[in-house]
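Just structure06.cif here, mmCIF, C-alpha atoms:
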```cif
data_coords
loop_
_atom_site.label_atom_id
_atom_site.label_comp_id
_atom_site.auth_asym_id
_atom_site.auth_seq_id
_atom_site.Cartn_x
_atom_site.Cartn_y
_atom_site.Cartn_z
CA MET A 21 -21.79 -6.89 -15.02
CA ASN A 22 -22.07 -10.63 -14.54
CA THR A 23 -25.79 -11.04 -13.75
CA ASN A 24 -25.20 -14.34 -12.05
CA ASP A 25 -22.69 -12.83 -9.56
CA TYR A 26 -25.20 -10.08 -8.82
CA ASP A 27 -28.00 -12.55 -8.10
CA ILE A 28 -25.77 -14.59 -5.79
CA LEU A 29 -24.18 -11.71 -3.89
CA ARG A 30 -26.60 -8.81 -3.71
CA GLU A 31 -27.97 -7.32 -0.49
CA VAL A 32 -31.57 -6.08 -0.32
CA LYS A 33 -32.42 -2.82 1.48
CA THR A 34 -35.02 -3.25 4.23
CA ASP A 35 -34.69 0.18 5.93
CA SER A 36 -32.87 3.50 5.43
CA GLU A 37 -32.32 6.42 7.79
CA ALA A 38 -30.56 9.77 7.19
CA VAL A 39 -28.16 10.31 10.11
CA PHE A 40 -26.24 13.39 8.86
CA ASP A 41 -27.17 15.79 6.10
CA GLY A 42 -24.29 18.18 5.45
CA ALA A 43 -23.32 20.53 2.64
CA LEU A 44 -20.95 17.89 1.20
CA LEU A 45 -21.68 14.58 2.93
CA HIS A 46 -25.03 12.87 3.26
CA VAL A 47 -24.68 9.93 5.63
CA ARG A 48 -27.24 7.14 5.80
CA LEU A 49 -27.64 4.14 8.07
CA ASP A 50 -29.40 1.38 6.15
CA LYS A 51 -30.53 -2.11 7.06
CA VAL A 52 -30.10 -4.90 4.52
CA ARG A 53 -30.85 -8.59 4.10
CA LEU A 54 -27.66 -10.52 3.28
CA PRO A 55 -27.52 -13.32 0.64
CA ASN A 56 -28.02 -15.89 3.46
CA GLY A 57 -31.13 -14.05 4.73
CA ALA A 58 -29.45 -12.59 7.83
CA PRO A 59 -29.88 -8.87 8.65
CA ALA A 60 -26.95 -6.42 8.64
CA GLY A 61 -26.35 -2.66 8.93
CA ARG A 62 -24.74 -0.55 6.21
CA GLU A 63 -23.28 2.93 6.86
CA LEU A 64 -22.87 4.90 3.68
CA ILE A 65 -22.32 8.28 2.13
CA ARG A 66 -24.36 9.70 -0.70
CA HIS A 67 -22.14 12.00 -2.80
CA VAL A 68 -23.17 14.13 -5.78
CA GLY A 69 -20.33 12.80 -7.96
CA ALA A 70 -17.12 14.34 -9.30
CA VAL A 71 -14.76 14.70 -12.23
CA ALA A 72 -10.97 14.79 -12.52
CA VAL A 73 -8.71 15.74 -15.42
CA VAL A 74 -5.18 14.89 -16.61
CA PRO A 75 -4.29 18.10 -18.53
CA LEU A 76 -1.37 17.01 -20.74
CA LEU A 77 0.70 19.75 -22.44
CA ASP A 78 2.23 19.18 -25.90
CA ASP A 79 5.69 19.08 -24.27
CA GLY A 80 4.74 16.07 -22.09
CA ARG A 81 4.20 17.95 -18.85
CA VAL A 82 0.96 17.63 -16.85
CA ILE A 83 -0.76 20.48 -15.01
CA VAL A 84 -1.13 19.44 -11.35
CA GLU A 85 -2.10 21.18 -8.14
CA ARG A 86 -0.65 21.39 -4.66
CA GLN A 87 -3.60 21.49 -2.29
CA PHE A 88 -4.10 21.32 1.48
CA ARG A 89 -6.34 18.42 2.51
CA TYR A 90 -7.70 19.01 5.96
CA PRO A 91 -8.58 15.40 6.93
CA ILE A 92 -4.97 14.27 6.48
CA ASP A 93 -3.36 17.61 7.52
CA ALA A 94 -1.08 17.64 4.49
CA VAL A 95 -0.46 19.43 1.21
CA ILE A 96 -0.61 16.84 -1.57
CA THR A 97 -0.18 16.73 -5.33
CA GLU A 98 -3.40 16.12 -7.29
CA ILE A 99 -4.77 16.45 -10.78
CA PRO A 100 -7.48 19.14 -11.19
CA ALA A 101 -10.84 17.85 -9.94
CA GLY A 102 -14.12 18.94 -8.50
CA LYS A 103 -17.63 18.02 -7.52
CA LEU A 104 -20.57 18.19 -9.87
CA ASP A 105 -22.90 21.13 -9.24
CA SER A 106 -25.79 18.62 -9.24
CA LYS A 107 -26.41 14.93 -9.99
CA GLN A 108 -27.78 16.02 -13.37
CA GLU A 109 -24.79 18.12 -14.47
CA ASP A 110 -23.07 16.89 -17.61
CA ARG A 111 -19.76 15.41 -16.47
CA LEU A 112 -17.71 16.64 -19.42
CA GLU A 113 -19.01 20.19 -18.91
CA ALA A 114 -18.10 19.93 -15.20
CA ALA A 115 -14.60 18.77 -16.11
CA LYS A 116 -14.13 21.71 -18.50
CA ARG A 117 -15.34 24.14 -15.80
CA GLU A 118 -13.11 22.72 -13.05
CA LEU A 119 -10.03 22.75 -15.30
CA ARG A 120 -10.69 26.35 -16.36
CA GLU A 121 -11.48 27.67 -12.87
CA GLU A 122 -8.67 25.88 -11.02
CA THR A 123 -5.86 26.22 -13.58
CA GLY A 124 -6.97 28.72 -16.25
CA TYR A 125 -6.53 26.13 -19.00
CA THR A 126 -9.01 25.13 -21.69
CA ALA A 127 -8.49 22.09 -23.92
CA ASP A 128 -9.25 21.25 -27.56
CA ASN A 129 -9.42 17.47 -27.03
CA TRP A 130 -11.22 15.57 -24.29
CA GLN A 131 -11.10 11.78 -23.82
CA SER A 132 -12.89 9.88 -21.06
CA ILE A 133 -10.47 7.44 -19.41
CA GLY A 134 -13.03 5.66 -17.24
CA ASP A 135 -14.86 5.98 -13.96
CA PHE A 136 -13.29 5.70 -10.51
CA HIS A 137 -15.12 4.60 -7.35
CA PRO A 138 -12.92 5.94 -4.52
CA ALA A 139 -14.59 3.95 -1.73
CA ALA A 140 -17.33 1.66 -3.02
CA ALA A 141 -17.62 -0.05 0.39
CA TYR A 142 -19.21 3.04 1.94
CA SER A 143 -19.72 5.77 -0.68
CA ASP A 144 -21.56 6.04 -3.98
CA GLU A 145 -19.11 8.71 -5.20
CA ASN A 146 -18.15 8.18 -8.82
CA ILE A 147 -15.32 10.26 -10.31
CA THR A 148 -15.20 10.35 -14.10
CA LEU A 149 -11.59 10.70 -15.27
CA TYR A 150 -10.61 12.62 -18.42
CA LEU A 151 -7.47 13.12 -20.45
CA ALA A 152 -7.34 16.67 -21.89
CA THR A 153 -4.88 17.67 -24.64
CA GLY A 154 -4.46 20.64 -26.95
CA LEU A 155 -4.27 22.97 -23.94
CA ASN A 156 -4.65 26.74 -24.12
CA LYS A 157 -3.60 28.94 -21.21
CA GLY A 158 -6.03 31.44 -19.68
CA GLU A 159 -6.80 33.04 -16.34
CA GLN A 160 -7.37 31.02 -13.15
CA GLN A 161 -10.76 31.81 -11.49
CA LEU A 162 -10.60 30.36 -7.97
CA ASP A 163 -13.50 30.59 -5.55
CA ALA A 164 -12.87 33.02 -2.66
CA ASP A 165 -12.36 30.08 -0.28
CA GLU A 166 -10.16 28.01 -2.62
CA PHE A 167 -6.37 27.97 -2.24
CA LEU A 168 -4.06 25.91 -4.43
CA LEU A 169 -0.77 26.14 -6.32
CA VAL A 170 -0.58 25.09 -9.98
CA LYS A 171 2.52 23.36 -11.38
CA ALA A 172 3.56 21.70 -14.64
CA VAL A 173 5.40 18.40 -14.06
CA PRO A 174 6.67 15.91 -16.69
CA LEU A 175 4.32 12.90 -16.98
CA LYS A 176 7.26 10.52 -16.55
CA GLU A 177 8.18 12.20 -13.22
CA LEU A 178 4.57 11.91 -12.01
CA VAL A 179 4.53 8.22 -12.93
CA GLU A 180 7.69 7.69 -10.87
CA ASP A 181 6.15 9.64 -7.97
CA VAL A 182 3.04 7.43 -8.08
CA VAL A 183 4.96 4.15 -8.23
CA SER A 184 7.42 5.22 -5.51
CA GLY A 185 4.55 6.23 -3.22
CA ARG A 186 5.27 9.99 -3.11
CA ILE A 187 1.89 10.74 -4.71
CA THR A 188 -0.80 9.21 -2.48
CA ASP A 189 -4.00 10.76 -3.89
CA GLY A 190 -6.10 7.92 -5.24
CA LYS A 191 -7.72 9.43 -8.34
CA THR A 192 -4.36 10.98 -9.28
CA GLN A 193 -2.59 7.61 -9.05
CA ALA A 194 -5.16 5.91 -11.28
CA ALA A 195 -5.46 8.71 -13.84
CA ILE A 196 -1.71 9.30 -14.18
CA LEU A 197 -0.95 5.59 -14.61
CA LYS A 198 -3.78 5.16 -17.14
CA THR A 199 -2.37 8.07 -19.11
CA ALA A 200 1.12 6.57 -18.94
CA LEU A 201 -0.12 3.23 -20.32
CA ILE A 202 -2.15 4.94 -23.05
CA LYS A 203 0.91 7.00 -24.04
CA GLY A 204 3.27 4.00 -23.84
CA ILE A 205 5.41 5.38 -20.99
CA THR A 206 7.36 2.77 -18.99
CA LEU A 207 9.47 3.02 -15.84
CA MET B 18 6.31 17.40 1.80
CA ASN B 19 7.25 20.89 0.68
CA THR B 20 7.18 22.84 3.99
CA ASN B 21 6.66 26.10 2.20
CA ASP B 22 3.48 24.89 0.45
CA TYR B 23 2.19 23.68 3.81
CA ASP B 24 2.79 27.05 5.47
CA ILE B 25 1.03 28.88 2.63
CA LEU B 26 -1.97 26.57 2.25
CA ARG B 27 -2.79 25.00 5.58
CA GLU B 28 -6.09 25.42 7.42
CA VAL B 29 -6.17 25.66 11.21
CA LYS B 30 -8.85 23.82 13.22
CA THR B 31 -10.89 26.14 15.48
CA ASP B 32 -13.70 23.73 16.46
CA SER B 33 -14.65 20.05 16.03
CA GLU B 34 -17.92 18.23 16.63
CA ALA B 35 -18.80 14.54 16.27
CA VAL B 36 -22.04 14.34 14.24
CA PHE B 37 -22.22 10.57 13.62
CA ASP B 38 -20.37 7.78 15.38
CA GLY B 39 -21.02 4.48 13.63
CA ALA B 40 -19.37 1.08 13.61
CA LEU B 41 -17.46 1.97 10.42
CA LEU B 42 -17.80 5.71 9.84
CA HIS B 43 -17.04 8.48 12.31
CA VAL B 44 -18.25 11.77 10.87
CA ARG B 45 -17.06 15.12 12.20
CA LEU B 46 -18.08 18.69 11.45
CA ASP B 47 -15.06 20.94 12.03
CA LYS B 48 -14.54 24.67 11.75
CA VAL B 49 -11.29 25.96 10.30
CA ARG B 50 -9.49 29.23 9.60
CA LEU B 51 -8.51 29.48 5.93
CA PRO B 52 -5.12 30.83 4.74
CA ASN B 53 -6.74 34.27 4.26
CA GLY B 54 -8.12 34.27 7.81
CA ALA B 55 -11.75 33.58 6.80
CA PRO B 56 -13.75 30.86 8.60
CA ALA B 57 -15.01 27.73 6.83
CA GLY B 58 -16.66 24.39 7.67
CA ARG B 59 -15.14 20.99 6.98
CA GLU B 60 -17.16 17.76 6.93
CA LEU B 61 -14.96 14.72 7.30
CA ILE B 62 -14.78 11.04 8.07
CA ARG B 63 -12.34 9.47 10.47
CA HIS B 64 -11.53 5.94 9.28
CA VAL B 65 -9.35 3.33 11.02
CA GLY B 66 -7.29 2.67 7.88
CA ALA B 67 -7.05 -0.26 5.51
CA VAL B 68 -4.81 -2.51 3.44
CA ALA B 69 -5.11 -4.02 -0.04
CA VAL B 70 -3.08 -6.72 -1.77
CA VAL B 71 -2.21 -7.69 -5.35
CA PRO B 72 -1.67 -11.46 -4.99
CA LEU B 73 0.33 -12.37 -8.09
CA LEU B 74 0.66 -16.07 -8.99
CA ASP B 75 3.84 -17.41 -10.63
CA ASP B 76 1.88 -17.94 -13.88
CA GLY B 77 1.04 -14.19 -14.14
CA ARG B 78 -2.54 -14.41 -12.90
CA VAL B 79 -3.81 -12.26 -10.02
CA ILE B 80 -6.26 -13.40 -7.34
CA VAL B 81 -9.23 -11.00 -7.38
CA GLU B 82 -12.67 -10.95 -5.82
CA ARG B 83 -16.18 -10.31 -7.09
CA GLN B 84 -17.99 -8.49 -4.30
CA PHE B 85 -21.35 -6.74 -3.89
CA ARG B 86 -20.97 -3.09 -2.91
CA TYR B 87 -24.19 -1.83 -1.42
CA PRO B 88 -23.67 1.94 -1.96
CA ILE B 89 -23.41 1.48 -5.74
CA ASP B 90 -25.75 -1.55 -5.97
CA ALA B 91 -23.27 -3.52 -8.07
CA VAL B 92 -20.96 -6.50 -7.98
CA ILE B 93 -17.46 -5.27 -8.81
CA THR B 94 -13.99 -6.75 -9.27
CA GLU B 95 -11.52 -5.84 -6.52
CA ILE B 96 -8.19 -6.96 -5.15
CA PRO B 97 -8.37 -8.47 -1.61
CA ALA B 98 -8.58 -5.72 0.99
CA GLY B 99 -9.83 -4.96 4.46
CA LYS B 100 -9.90 -2.57 7.37
CA LEU B 101 -7.36 -2.59 10.16
CA ASP B 102 -8.63 -4.07 13.43
CA SER B 103 -7.33 -0.90 15.15
CA LYS B 104 -5.27 2.20 14.32
CA GLN B 105 -2.32 0.49 16.00
CA GLU B 106 -2.45 -2.76 14.04
CA ASP B 107 0.63 -3.51 11.96
CA ARG B 108 -0.40 -2.98 8.33
CA LEU B 109 1.60 -5.85 6.89
CA GLU B 110 0.08 -8.26 9.44
CA ALA B 111 -3.38 -6.96 8.52
CA ALA B 112 -2.65 -7.53 4.82
CA LYS B 113 -1.53 -11.11 5.50
CA ARG B 114 -4.71 -11.73 7.52
CA GLU B 115 -7.07 -10.28 4.92
CA LEU B 116 -5.45 -12.24 2.09
CA ARG B 117 -5.62 -15.49 4.06
CA GLU B 118 -9.20 -15.02 5.29
CA GLU B 119 -10.70 -13.79 2.02
CA THR B 120 -8.85 -16.02 -0.46
CA GLY B 121 -7.08 -18.76 1.53
CA TYR B 122 -3.69 -17.75 0.11
CA THR B 123 -0.51 -17.02 2.04
CA ALA B 124 2.55 -15.45 0.40
CA ASP B 125 6.32 -15.84 0.78
CA ASN B 126 7.18 -12.33 -0.49
CA TRP B 127 5.56 -9.03 0.47
CA GLN B 128 6.42 -5.67 -1.08
CA SER B 129 4.78 -2.37 -0.13
CA ILE B 130 3.75 -0.50 -3.29
CA GLY B 131 2.75 2.74 -1.58
CA ASP B 132 -0.14 4.36 0.25
CA PHE B 133 -3.47 5.35 -1.30
CA HIS B 134 -5.75 8.11 -0.02
CA PRO B 135 -9.16 7.28 -1.54
CA ALA B 136 -10.81 10.61 -0.73
CA ALA B 137 -8.42 13.04 0.92
CA ALA B 138 -10.93 15.89 0.56
CA TYR B 139 -13.21 14.39 3.19
CA SER B 140 -11.67 11.22 4.70
CA ASP B 141 -8.44 10.40 6.49
CA GLU B 142 -8.60 6.80 5.24
CA ASN B 143 -5.20 5.55 4.13
CA ILE B 144 -4.96 2.21 2.30
CA THR B 145 -1.49 0.66 2.22
CA LEU B 146 -1.04 -1.34 -1.00
CA TYR B 147 1.04 -4.51 -1.19
CA LEU B 148 2.31 -6.80 -3.92
CA ALA B 149 2.39 -10.42 -2.70
CA THR B 150 4.23 -13.17 -4.61
CA GLY B 151 5.28 -16.74 -3.89
CA LEU B 152 1.66 -17.67 -3.17
CA ASN B 153 0.55 -20.86 -1.41
CA LYS B 154 -3.05 -22.01 -1.52
CA GLY B 155 -4.98 -22.74 1.68
CA GLU B 156 -8.52 -22.57 3.03
CA GLN B 157 -10.70 -19.45 2.78
CA GLN B 158 -12.03 -18.30 6.21
CA LEU B 159 -14.81 -15.80 5.51
CA ASP B 160 -16.73 -14.07 8.29
CA ALA B 161 -20.33 -15.28 8.63
CA ASP B 162 -21.59 -12.02 7.06
CA GLU B 163 -19.02 -11.89 4.23
CA PHE B 164 -19.90 -13.05 0.70
CA LEU B 165 -17.48 -12.93 -2.22
CA LEU B 166 -16.28 -14.98 -5.18
CA VAL B 167 -12.55 -15.53 -5.76
CA LYS B 168 -11.11 -15.65 -9.29
CA ALA B 169 -7.65 -15.81 -10.87
CA VAL B 170 -7.31 -13.41 -13.83
CA PRO B 171 -4.18 -12.71 -15.95
CA LEU B 172 -2.53 -9.41 -14.90
CA LYS B 173 -2.54 -8.24 -18.52
CA GLU B 174 -6.32 -8.75 -18.74
CA LEU B 175 -6.83 -6.79 -15.51
CA VAL B 176 -4.68 -3.95 -16.86
CA GLU B 177 -6.85 -3.82 -19.99
CA ASP B 178 -10.00 -3.87 -17.83
CA VAL B 179 -8.68 -0.93 -15.77
CA VAL B 180 -7.67 1.16 -18.79
CA SER B 181 -10.92 0.40 -20.66
CA GLY B 182 -12.99 1.41 -17.61
CA ARG B 183 -14.49 -2.03 -16.87
CA ILE B 184 -12.79 -2.09 -13.45
CA THR B 185 -13.92 0.99 -11.53
CA ASP B 186 -12.71 0.25 -7.99
CA GLY B 187 -10.16 2.92 -7.12
CA LYS B 188 -7.59 1.00 -5.06
CA THR B 189 -7.74 -1.85 -7.59
CA GLN B 190 -7.03 0.52 -10.49
CA ALA B 191 -4.01 2.03 -8.76
CA ALA B 192 -2.56 -1.23 -7.43
CA ILE B 193 -3.00 -3.17 -10.69
CA LEU B 194 -1.42 -0.41 -12.79
CA LYS B 195 1.48 0.00 -10.34
CA THR B 196 2.09 -3.74 -10.54
CA ALA B 197 1.95 -3.60 -14.34
CA LEU B 198 4.58 -0.83 -14.47
CA ILE B 199 6.80 -2.60 -11.94
CA LYS B 200 6.56 -5.81 -14.01
CA GLY B 201 7.08 -4.00 -17.32
CA ILE B 202 3.66 -4.84 -18.78
CA THR B 203 2.42 -2.55 -21.56
CA LEU B 204 -0.87 -2.31 -23.42
#
```
Rewrite the structure from the file as structure tokens, please.
Amino acid sequence: MNTNDYDILREVKTDSEAVFDGALLHVRLDKVRLPNGAPAGRELIRHVGAVAVVPLLDDGRVIVERQFRYPIDAVITEIPAGKLDSKQEDRLEAAKRELREETGYTADNWQSIGDFHPAAAYSDENITLYLATGLNKGEQQLDADEFLLVKAVPLKELVEDVVSGRITDGKTQAAILKTALIKGITL
Amino acid sequence: MNTNDYDILREVKTDSEAVFDGALLHVRLDKVRLPNGAPAGRELIRHVGAVAVVPLLDDGRVIVERQFRYPIDAVITEIPAGKLDSKQEDRLEAAKRELREETGYTADNWQSIGDFHPAAAYSDENITLYLATGLNKGEQQLDADEFLLVKAVPLKELVEDVVSGRITDGKTQAAILKTALIKGITL
């Protein structure tokens, strides 16, 4: 971080109130002092954090999921992902668990491909992205209330679907395109 | 959308309650019927929608912003972006406004590069991404409570910063990498 930018631009918390405390979302209404000294309100979500995985098979296909997302009333294509069990959970261990439970796969090689802030304007959620290779197939272990379809799709096809706009899920767009650049795939 | 996947996976709303109604965030607690008939709760945010722009100069540099994001207590690098004034606002007009107000630039050429759902698990926010070229410099018109620094950074450097993990903003990762693929830039 550029310390100078931070000193010029930062907002200082003067008050904080919990306005909704759910199982998933913890919503706060804070008051801050802006860089010019004026007061302002900030609505924000505290989120436990998450992980997401690009599971890349030796043949160049990627394991993805078709999942219903209630807020947008649509079934969309996503890479495997999930919340941390707690703020303290090791992110790599969480990624291994989510991949195994949702798809049945384990992986020999794990590479972090960076963090992803989905909505830094109003959420502290941070999704750590991984590339997993050397995959081994096992048994899916979905939660009783979890419904999703698993597919294997060529990386090149996913890249085209991201660039054309057919894949709209944010973390999936970023992680698939990072993987494409790392692997030297072009349009 | 694959209609069959939707029929298999969709959840049906049985109840909906507003639990927080802020200036930015509208939080609802819904009840749904899962595909297996079991009940479940869904916490979600209704968001007005947003736009984001990759303003690409003729010399290959991109106009980006350094902005303080209160939820993560950090100054981060982002492409110009902003909320719609209303659900009905034309997204391209909103993108032109945000670019002009935040950076002073107008653009001769606008290309949609797809929609971005930052957090489809719990928000209906949809950010439409644009690539803007043929830029013309004008005067920045920030709101009184808006503080940000504008910079011009080579696209190739931004791509490296996304892939290395230095740029963590989600919409910026996706939009910069899409632009790189469209323009044939490799690592």
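Residues matched by the PyMOL selection byres ((chain A and resi 92-105) around 7) in this file are Val68, Gly69, Ala70, Val71, Ala72, Val73, Val74, Val84, Glu85, Arg86, Gln87, Phe88, Arg89, Tyr90, Pro91, Ser106, Lys107, Glu109, Ala114, Glu118, Leu119, Glu122, Ile187, Asp189 and Thr192 of chain A; Asp22, Tyr23, Ala137 and Asp141 of chain B.
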| task | Figure out the distance between atom CA of Leu42 of chain B and atom CA of Gly185 of chain A, please, to one decimal in Å. | result | 25.9 Å
Go ahead and fit an axis-aligned box to every listed atom of segment 85-99 of chain B plus 5 Å each side, and pass me the centre and edge lengths in Å, one decimal, as lines of an AutoDock Vina configuration file.
```
center_x = -17.0
center_y = -3.3
center_z = -2.4
size_x = 27.6
size_y = 20.4
size_z = 23.7
```
| request: Quote the spacing between atom CA of Arg120 of chain A and atom CA of Ile147 of chain A in Å to one decimal place. | output: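 Separating atom CA of Arg120 of chain A from atom CA of Ile147 of chain A is a distance of 17.8 Å.
With distances restricted to all atoms listed in the file, B:Ala138 is the closest residue to chain A from B:Ala169, B:Leu152, B:Ala138, B:Val79.
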| Residues matched by the PyMOL selection byres ((chain A and resi 186) around 9), written as a PyMOL selection string | (chain A and resi 97+180-185+187-188) or (chain B and resi 18+131-132)
| query | Which residues fall under the PyMOL selection byres ((chain A and resi 76) around 9) in this file, as an MDAnalysis selection string? | reply | chainID A and resid 74:75 77:83 151:155 175
Please provide as an mmCIF file with C-alpha atoms, in the coordinates of the input all residues within 10 Å of Asp41 of chain A, with the sequence filter that same-chain residues fewer than 6 positions apart are discarded (counting only C-alpha atoms).
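See result.cif below for the written result:
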```cif
data_model
loop_
_atom_site.group_PDB
_atom_site.id
_atom_site.type_symbol
_atom_site.label_atom_id
_atom_site.label_comp_id
_atom_site.auth_asym_id
_atom_site.auth_seq_id
_atom_site.Cartn_x
_atom_site.Cartn_y
_atom_site.Cartn_z
ATOM 1 C CA VAL A 47 -24.680 9.930 5.630
ATOM 2 C CA ARG A 48 -27.240 7.140 5.800
ATOM 3 C CA ILE A 65 -22.320 8.280 2.130
ATOM 4 C CA ARG A 66 -24.360 9.700 -0.700
ATOM 5 C CA VAL B 36 -22.040 14.340 14.240
#
```
